[in-house]
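A short worksheet on the structure shown next.
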Amino acid sequence: MSTMTWDDTQTGQLRALIEKELPKLRSIRHDLHAHPELMFEEYRTSEVVVRELEALGVEYKSGLAKGTGVVAHLPATDPTDRPAVGLRADMDALPIVEQTGLEYASTHPGVMHACGHDGHTTVLIGAARVLSKLAHRPNPVTLVFQPAEEGGAGGEKMCDDGCLGGAPAGGLGPKVGRIYGLHGWPQVPLGRIATRPGPLLAATDDFQITVRGHQCHGAYPHLGADPIVCASQIVQSLQTIVSRNAPPLDAIVVTVGAIHAGTVSNVIPAECQLIGTVRTLREEMRRHARERLFAIAQQTAIAHGCEALVDWKEGYPVTRNDPALAAQVLATARCAFGDDSSVTVDQPTMGGEDFSFYGRHVPACFFFLGLCPPGKDPHTVPQLHQPGFDFNDDALAPGVEMMCRLALSDPPTT
């Protein structure tokens, strides 16, 4: 593996630039946090990104991915035929009522940055500010600010719009040869970087099962076909996909998150609806789980005199890290922050990420940026998607430094 060699002088110069930018970056993040926007509605956020890029004189294209995505490009300082290094951030918020009590809490009722995308966007703006001021950039750098990570597959749409393909494909500069992304992680201590080769996050598929029975009086169930009883059996039987259809060491999750049926106590309704998600780490198991879900739902419905209509919504692929890039990220963290700051994740998490779409086109690595403050329990601090969560401002500096070091690094070799 090849990485850029950093001496104390270079490290000191980089950190001095980052330290100078931190007051501005904290202000930007607080502003973004106070003005969260849902997927594909990130117009103000996109405007903030464009404003900062224009102030730096950085070339950009906006209006991507249904209108709010932004791609920017910093050329190498010397002529080179190297492909660009991609750095990605997501910008959207969640439909959650904030309960942080912060002075910069959300001003948009029912919407908050509960996943830290305000921090991710700020880190990438910070990387742009620092990289644009360096006298030497050996690699072209492509900055990807994408909308709609929270269910809208904004990453896929950015790829479709050519953000990785360079100017010939509708992006900017040369093609991207490798790409990195980060996520603030409250279960990782502040100052540590965590990742792993291979699968890091799961594939995320959703389903909706509509069980159709025959409505009747609750006192005369023999005159109808009860979709609630049938749906209850389906919920139980779906768990056999995990317990009896998957190898014991093959991680898979099948969750029914919502059940909708009926209006009153004495009427057996005509329909019952189940809504859920399936999480897998291997494409073979992803296909098998889908087949089993359809069979269980439909055959169980027949056994109860009902009908099951299954709507399967394919979600994000597995977020799979290129092994050489994962090794590079961990080595970069050791070089920057010390041996204890580089953490190899033992097991993938069953959450999902649309950073996975970039990895379908170029070698990619996604890593976790530690957020948990010193002295706090990583398992009891507010977690992602909780109303009390807030990105840790103290993680901005290590996040920017990691992105800058990776942007300046030589491509890894195996």
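Following the order of the structure tokens, chains are lettered A, B, ..., residues in each are numbered from 1, and ligands are numbered from 1.
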
Surrounding residues of Lys175 (chain A) excluding itself and chain neighbours under 4 positions, 8 Å, only C-alpha atoms, as number ranges by chain: A: 83-84, 164-167

Test item, alpha helix (DSSP H) assignment across region 134-259 of chain A, answer as a PyMOL selection string: chain A and resi 154-160+227-238+240-244

What would the file look like if the residues just selected were written as a PDB file, in the first residue's frame with C-alpha atoms?
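Full text of out-v7.pdb as output:
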```
ATOM      1  CA  GLY A 154     -29.424  10.731  -3.870  1.00  0.00           C
ATOM      2  CA  GLY A 155     -26.038   9.065  -4.303  1.00  0.00           C
ATOM      3  CA  GLU A 156     -27.353   6.953  -7.157  1.00  0.00           C
ATOM      4  CA  LYS A 157     -28.797  10.047  -8.823  1.00  0.00           C
ATOM      5  CA  MET A 158     -25.517  11.919  -8.464  1.00  0.00           C
ATOM      6  CA  CYS A 159     -23.783   9.003 -10.205  1.00  0.00           C
ATOM      7  CA  ASP A 160     -26.430   9.019 -12.930  1.00  0.00           C
ATOM      8  CA  PRO A 227     -56.811 -10.754   7.396  1.00  0.00           C
ATOM      9  CA  ILE A 228     -55.564  -9.769  10.874  1.00  0.00           C
ATOM     10  CA  VAL A 229     -55.164 -13.358  12.020  1.00  0.00           C
ATOM     11  CA  CYS A 230     -53.524 -14.169   8.689  1.00  0.00           C
ATOM     12  CA  ALA A 231     -51.188 -11.160   8.916  1.00  0.00           C
ATOM     13  CA  SER A 232     -50.240 -12.109  12.476  1.00  0.00           C
ATOM     14  CA  GLN A 233     -49.185 -15.539  11.270  1.00  0.00           C
ATOM     15  CA  ILE A 234     -47.196 -13.948   8.437  1.00  0.00           C
ATOM     16  CA  VAL A 235     -45.336 -11.706  10.917  1.00  0.00           C
ATOM     17  CA  GLN A 236     -44.326 -14.728  12.975  1.00  0.00           C
ATOM     18  CA  SER A 237     -43.411 -16.854   9.961  1.00  0.00           C
ATOM     19  CA  LEU A 238     -41.221 -14.151   8.409  1.00  0.00           C
ATOM     20  CA  THR A 240     -38.065 -18.137  10.012  1.00  0.00           C
ATOM     21  CA  ILE A 241     -36.205 -16.477   7.144  1.00  0.00           C
ATOM     22  CA  VAL A 242     -33.616 -15.532   9.770  1.00  0.00           C
ATOM     23  CA  SER A 243     -33.820 -18.610  11.996  1.00  0.00           C
ATOM     24  CA  ARG A 244     -34.307 -21.363   9.403  1.00  0.00           C
TER      25      ARG A 244
END
```

List every residue of region 260-343 of chain A that DSSP, applied to the backbone, labels as strand (DSSP E or B), and write the result as an mmCIF file with N, CA and C atoms, in the first residue's frame.
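Dumped everything to states-v2.cif:
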```cif
data_model
loop_
_atom_site.group_PDB
_atom_site.id
_atom_site.type_symbol
_atom_site.label_atom_id
_atom_site.label_comp_id
_atom_site.auth_asym_id
_atom_site.auth_seq_id
_atom_site.Cartn_x
_atom_site.Cartn_y
_atom_site.Cartn_z
ATOM 1 N N HIS A 260 -51.334 -2.025 9.891
ATOM 2 C CA HIS A 260 -52.511 -1.163 9.780
ATOM 3 C C HIS A 260 -53.714 -2.014 9.387
ATOM 4 N N ALA A 261 -54.771 -1.958 10.224
ATOM 5 C CA ALA A 261 -55.990 -2.704 9.897
ATOM 6 C C ALA A 261 -57.108 -2.288 10.840
ATOM 7 N N VAL A 267 -65.788 -5.407 14.081
ATOM 8 C CA VAL A 267 -65.769 -5.655 12.637
ATOM 9 C C VAL A 267 -64.429 -6.269 12.250
ATOM 10 N N ILE A 268 -64.484 -7.424 11.623
ATOM 11 C CA ILE A 268 -63.276 -8.000 11.012
ATOM 12 C C ILE A 268 -63.088 -7.303 9.668
ATOM 13 N N GLU A 271 -59.000 -5.808 4.944
ATOM 14 C CA GLU A 271 -57.579 -5.788 4.638
ATOM 15 C C GLU A 271 -56.736 -5.543 5.877
ATOM 16 N N CYS A 272 -55.515 -6.000 5.823
ATOM 17 C CA CYS A 272 -54.497 -5.681 6.831
ATOM 18 C C CYS A 272 -53.186 -5.450 6.101
ATOM 19 N N GLN A 273 -52.493 -4.401 6.454
ATOM 20 C CA GLN A 273 -51.259 -4.029 5.766
ATOM 21 C C GLN A 273 -50.065 -4.147 6.700
ATOM 22 N N LEU A 274 -49.008 -4.788 6.222
ATOM 23 C CA LEU A 274 -47.744 -4.911 6.947
ATOM 24 C C LEU A 274 -46.667 -4.141 6.187
ATOM 25 N N ILE A 275 -45.869 -3.379 6.914
ATOM 26 C CA ILE A 275 -44.776 -2.619 6.310
ATOM 27 C C ILE A 275 -43.499 -2.962 7.063
ATOM 28 N N GLY A 276 -42.426 -3.273 6.322
ATOM 29 C CA GLY A 276 -41.204 -3.666 7.003
ATOM 30 C C GLY A 276 -39.961 -3.521 6.157
ATOM 31 N N THR A 277 -38.856 -4.039 6.694
ATOM 32 C CA THR A 277 -37.567 -3.928 6.030
ATOM 33 C C THR A 277 -36.789 -5.220 6.172
ATOM 34 N N VAL A 278 -35.943 -5.507 5.181
ATOM 35 C CA VAL A 278 -35.038 -6.653 5.202
ATOM 36 C C VAL A 278 -33.623 -6.135 5.004
ATOM 37 N N ARG A 279 -32.717 -6.559 5.881
ATOM 38 C CA ARG A 279 -31.318 -6.130 5.809
ATOM 39 C C ARG A 279 -30.421 -7.357 5.623
ATOM 40 N N THR A 280 -29.547 -7.299 4.643
ATOM 41 C CA THR A 280 -28.662 -8.416 4.330
ATOM 42 C C THR A 280 -27.269 -7.907 3.972
ATOM 43 N N GLU A 307 -55.741 -13.474 0.517
ATOM 44 C CA GLU A 307 -54.819 -13.198 -0.578
ATOM 45 C C GLU A 307 -53.778 -12.201 -0.088
ATOM 46 N N ALA A 308 -52.513 -12.405 -0.453
ATOM 47 C CA ALA A 308 -51.440 -11.489 -0.061
ATOM 48 C C ALA A 308 -50.817 -10.865 -1.298
ATOM 49 N N LEU A 309 -50.823 -9.552 -1.338
ATOM 50 C CA LEU A 309 -50.170 -8.800 -2.408
ATOM 51 C C LEU A 309 -48.889 -8.198 -1.831
ATOM 52 N N VAL A 310 -47.738 -8.524 -2.442
ATOM 53 C CA VAL A 310 -46.440 -8.099 -1.914
ATOM 54 C C VAL A 310 -45.827 -7.048 -2.827
ATOM 55 N N ASP A 311 -45.477 -5.923 -2.242
ATOM 56 C CA ASP A 311 -44.771 -4.860 -2.959
ATOM 57 C C ASP A 311 -43.365 -4.775 -2.384
ATOM 58 N N TRP A 312 -42.376 -5.209 -3.152
ATOM 59 C CA TRP A 312 -40.971 -5.215 -2.719
ATOM 60 C C TRP A 312 -40.271 -4.000 -3.304
ATOM 61 N N LYS A 313 -39.667 -3.201 -2.434
ATOM 62 C CA LYS A 313 -38.977 -1.993 -2.874
ATOM 63 C C LYS A 313 -37.485 -2.164 -2.645
ATOM 64 N N GLU A 314 -36.749 -2.373 -3.737
ATOM 65 C CA GLU A 314 -35.310 -2.560 -3.622
ATOM 66 C C GLU A 314 -34.665 -1.276 -3.142
ATOM 67 N N GLY A 315 -33.851 -1.394 -2.108
ATOM 68 C CA GLY A 315 -33.230 -0.220 -1.514
ATOM 69 C C GLY A 315 -31.760 -0.107 -1.872
ATOM 70 N N TYR A 316 -30.948 0.296 -0.898
ATOM 71 C CA TYR A 316 -29.533 0.531 -1.128
ATOM 72 C C TYR A 316 -28.768 -0.786 -1.143
ATOM 73 N N THR A 319 -22.950 -1.491 1.488
ATOM 74 C CA THR A 319 -21.818 -0.563 1.452
ATOM 75 C C THR A 319 -20.559 -1.385 1.668
ATOM 76 N N ARG A 320 -19.846 -1.623 0.580
ATOM 77 C CA ARG A 320 -18.704 -2.549 0.586
ATOM 78 C C ARG A 320 -17.425 -1.762 0.324
ATOM 79 N N ASN A 321 -16.525 -1.798 1.286
ATOM 80 C CA ASN A 321 -15.280 -1.036 1.179
ATOM 81 C C ASN A 321 -14.217 -1.798 0.388
ATOM 82 N N SER A 342 -6.939 4.452 15.266
ATOM 83 C CA SER A 342 -7.317 3.700 14.078
ATOM 84 C C SER A 342 -7.972 2.401 14.526
ATOM 85 N N VAL A 343 -9.264 2.267 14.245
ATOM 86 C CA VAL A 343 -10.051 1.148 14.768
ATOM 87 C C VAL A 343 -10.616 0.331 13.615
#
```

With only C-alpha atoms as the counted atoms, please give the residues lying no more than 10 Å from region 96-98 of chain A, apart from itself and same-chain residues fewer than 3 positions off, as JSON, numbers by chain. {"A": [93, 101, 102, 105, 106, 107, 108, 109, 110, 111, 112, 113, 114, 385, 386, 387, 388, 389, 390]}

So that I have them on file, write out the residues from the current selection with N, CA and C atoms, as a PDB file, in the first residue's frame.
```pdb
ATOM      1  N   ALA A  93     -31.889  16.181   5.963  1.00  0.00           N
ATOM      2  CA  ALA A  93     -32.274  15.989   7.360  1.00  0.00           C
ATOM      3  C   ALA A  93     -33.399  14.956   7.446  1.00  0.00           C
ATOM      4  N   GLY A 101     -32.650  21.305  22.810  1.00  0.00           N
ATOM      5  CA  GLY A 101     -32.595  22.528  23.595  1.00  0.00           C
ATOM      6  C   GLY A 101     -31.447  23.439  23.219  1.00  0.00           C
ATOM      7  N   LEU A 102     -30.798  23.190  22.097  1.00  0.00           N
ATOM      8  CA  LEU A 102     -29.658  23.993  21.678  1.00  0.00           C
ATOM      9  C   LEU A 102     -30.107  25.373  21.199  1.00  0.00           C
ATOM     10  N   ALA A 105     -30.950  25.126  17.621  1.00  0.00           N
ATOM     11  CA  ALA A 105     -31.860  24.026  17.294  1.00  0.00           C
ATOM     12  C   ALA A 105     -32.673  24.356  16.043  1.00  0.00           C
ATOM     13  N   SER A 106     -33.271  23.335  15.485  1.00  0.00           N
ATOM     14  CA  SER A 106     -34.033  23.471  14.244  1.00  0.00           C
ATOM     15  C   SER A 106     -35.108  24.548  14.352  1.00  0.00           C
ATOM     16  N   THR A 107     -35.170  25.377  13.331  1.00  0.00           N
ATOM     17  CA  THR A 107     -36.239  26.376  13.224  1.00  0.00           C
ATOM     18  C   THR A 107     -37.357  25.890  12.312  1.00  0.00           C
ATOM     19  N   HIS A 108     -37.223  24.660  11.818  1.00  0.00           N
ATOM     20  CA  HIS A 108     -38.239  24.058  10.957  1.00  0.00           C
ATOM     21  C   HIS A 108     -38.959  22.972  11.751  1.00  0.00           C
ATOM     22  N   PRO A 109     -40.166  23.244  12.244  1.00  0.00           N
ATOM     23  CA  PRO A 109     -40.868  22.277  13.096  1.00  0.00           C
ATOM     24  C   PRO A 109     -40.991  20.912  12.431  1.00  0.00           C
ATOM     25  N   GLY A 110     -40.645  19.872  13.202  1.00  0.00           N
ATOM     26  CA  GLY A 110     -40.779  18.513  12.710  1.00  0.00           C
ATOM     27  C   GLY A 110     -39.661  18.038  11.815  1.00  0.00           C
ATOM     28  N   VAL A 111     -38.622  18.861  11.626  1.00  0.00           N
ATOM     29  CA  VAL A 111     -37.473  18.481  10.798  1.00  0.00           C
ATOM     30  C   VAL A 111     -36.206  18.791  11.585  1.00  0.00           C
ATOM     31  N   MET A 112     -35.256  17.841  11.598  1.00  0.00           N
ATOM     32  CA  MET A 112     -33.998  18.100  12.300  1.00  0.00           C
ATOM     33  C   MET A 112     -32.855  17.305  11.678  1.00  0.00           C
ATOM     34  N   HIS A 113     -31.645  17.771  11.942  1.00  0.00           N
ATOM     35  CA  HIS A 113     -30.448  17.049  11.521  1.00  0.00           C
ATOM     36  C   HIS A 113     -30.114  16.008  12.587  1.00  0.00           C
ATOM     37  N   ALA A 114     -30.888  14.922  12.587  1.00  0.00           N
ATOM     38  CA  ALA A 114     -30.717  13.870  13.581  1.00  0.00           C
ATOM     39  C   ALA A 114     -29.713  12.815  13.150  1.00  0.00           C
ATOM     40  N   HIS A 385     -30.567   9.402  14.641  1.00  0.00           N
ATOM     41  CA  HIS A 385     -32.015   9.353  14.437  1.00  0.00           C
ATOM     42  C   HIS A 385     -32.797   9.501  15.743  1.00  0.00           C
ATOM     43  N   GLN A 386     -32.140   9.950  16.805  1.00  0.00           N
ATOM     44  CA  GLN A 386     -32.840  10.259  18.047  1.00  0.00           C
ATOM     45  C   GLN A 386     -33.024  11.767  18.178  1.00  0.00           C
ATOM     46  N   PRO A 387     -34.101  12.220  18.862  1.00  0.00           N
ATOM     47  CA  PRO A 387     -34.407  13.660  18.901  1.00  0.00           C
ATOM     48  C   PRO A 387     -33.405  14.491  19.693  1.00  0.00           C
ATOM     49  N   GLY A 388     -32.554  13.830  20.487  1.00  0.00           N
ATOM     50  CA  GLY A 388     -31.566  14.577  21.252  1.00  0.00           C
ATOM     51  C   GLY A 388     -30.183  14.596  20.631  1.00  0.00           C
ATOM     52  N   PHE A 389     -30.046  14.045  19.419  1.00  0.00           N
ATOM     53  CA  PHE A 389     -28.717  13.942  18.803  1.00  0.00           C
ATOM     54  C   PHE A 389     -28.238  15.280  18.251  1.00  0.00           C
ATOM     55  N   ASP A 390     -26.936  15.511  18.379  1.00  0.00           N
ATOM     56  CA  ASP A 390     -26.287  16.645  17.717  1.00  0.00           C
ATOM     57  C   ASP A 390     -24.868  16.243  17.338  1.00  0.00           C
TER      58      ASP A 390
END
```

Within 9 Å of region 394-399 of chain A: each region 177-211 of chain A residue with its shortest pair, only C-alpha atoms, as JSON lines:
```
{"residue": "A:Leu182", "atom": "CA", "partner": "A:Gly399", "partner_atom": "CA", "distance": 8.0}
{"residue": "A:Gly184", "atom": "CA", "partner": "A:Ala395", "partner_atom": "CA", "distance": 8.0}
{"residue": "A:Leu190", "atom": "CA", "partner": "A:Ala395", "partner_atom": "CA", "distance": 6.5}
{"residue": "A:Gly191", "atom": "CA", "partner": "A:Pro398", "partner_atom": "CA", "distance": 6.5}
{"residue": "A:Arg192", "atom": "CA", "partner": "A:Pro398", "partner_atom": "CA", "distance": 8.5}
{"residue": "A:Ile193", "atom": "CA", "partner": "A:Pro398", "partner_atom": "CA", "distance": 8.9}
```

One residue among A:Glu19, A:Asp205, A:Glu353, A:Asp118 is nearest to Glu150 (chain A) when using only C-alpha atoms, and that residue is A:Glu353

Taking only C-alpha atoms into account, name the residue in A:Val329, A:Ala16, A:Val318, A:Ala251 that is nearest to Leu134 (chain A). A:Ala16

Between A:Pro147, A:Thr5, A:Val71, A:Arg137, which one has atoms that come closest to Glu41 (chain A), using only C-alpha atoms? A:Pro147

Compare A:Arg44, A:His361, A:Arg15, A:Arg286 by their minimum atom-to-atom distance to Pro317 (chain A), counting only C-alpha atoms, and give me the closest one.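 Answer, going by the shortest atom-to-atom distance: A:Arg286.
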
Nearby residues (only C-alpha atoms) at most 12 Å from Ala324 (chain A), same-chain spacing under 4 positions excluded, as a PyMOL selection string: chain A and resi 1-3+178+196-198+320+328-331+363-365+410-414

Measuring atom to atom with only C-alpha atoms, identify which of A:Ser132, A:Thr80, A:Thr204, A:Thr68 is nearest to Leu281 (chain A).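 With only C-alpha atoms as the atom set, the closest residue is A:Thr204.
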
Set the distance at 12 Å and use only C-alpha atoms: which residues neighbour Pro247 (chain A) once local chain neighbours fewer than 6 positions away are removed? I'd like the list as an NGL selection string. :A and (240-241 or 282 or 284-285 or 288-289)

Of the candidates A:Thr142, A:Asn392, A:Thr349, A:Thr332, which one gets nearest to Pro174 (chain A) if we count only C-alpha atoms? A:Thr142

I'd like the contact shell of Gln215 (chain A) - 8 Å cut-off, only C-alpha atoms, skipping same-chain residues fewer than 5 positions apart - returned as number ranges by chain. A: 224-226, 267-270
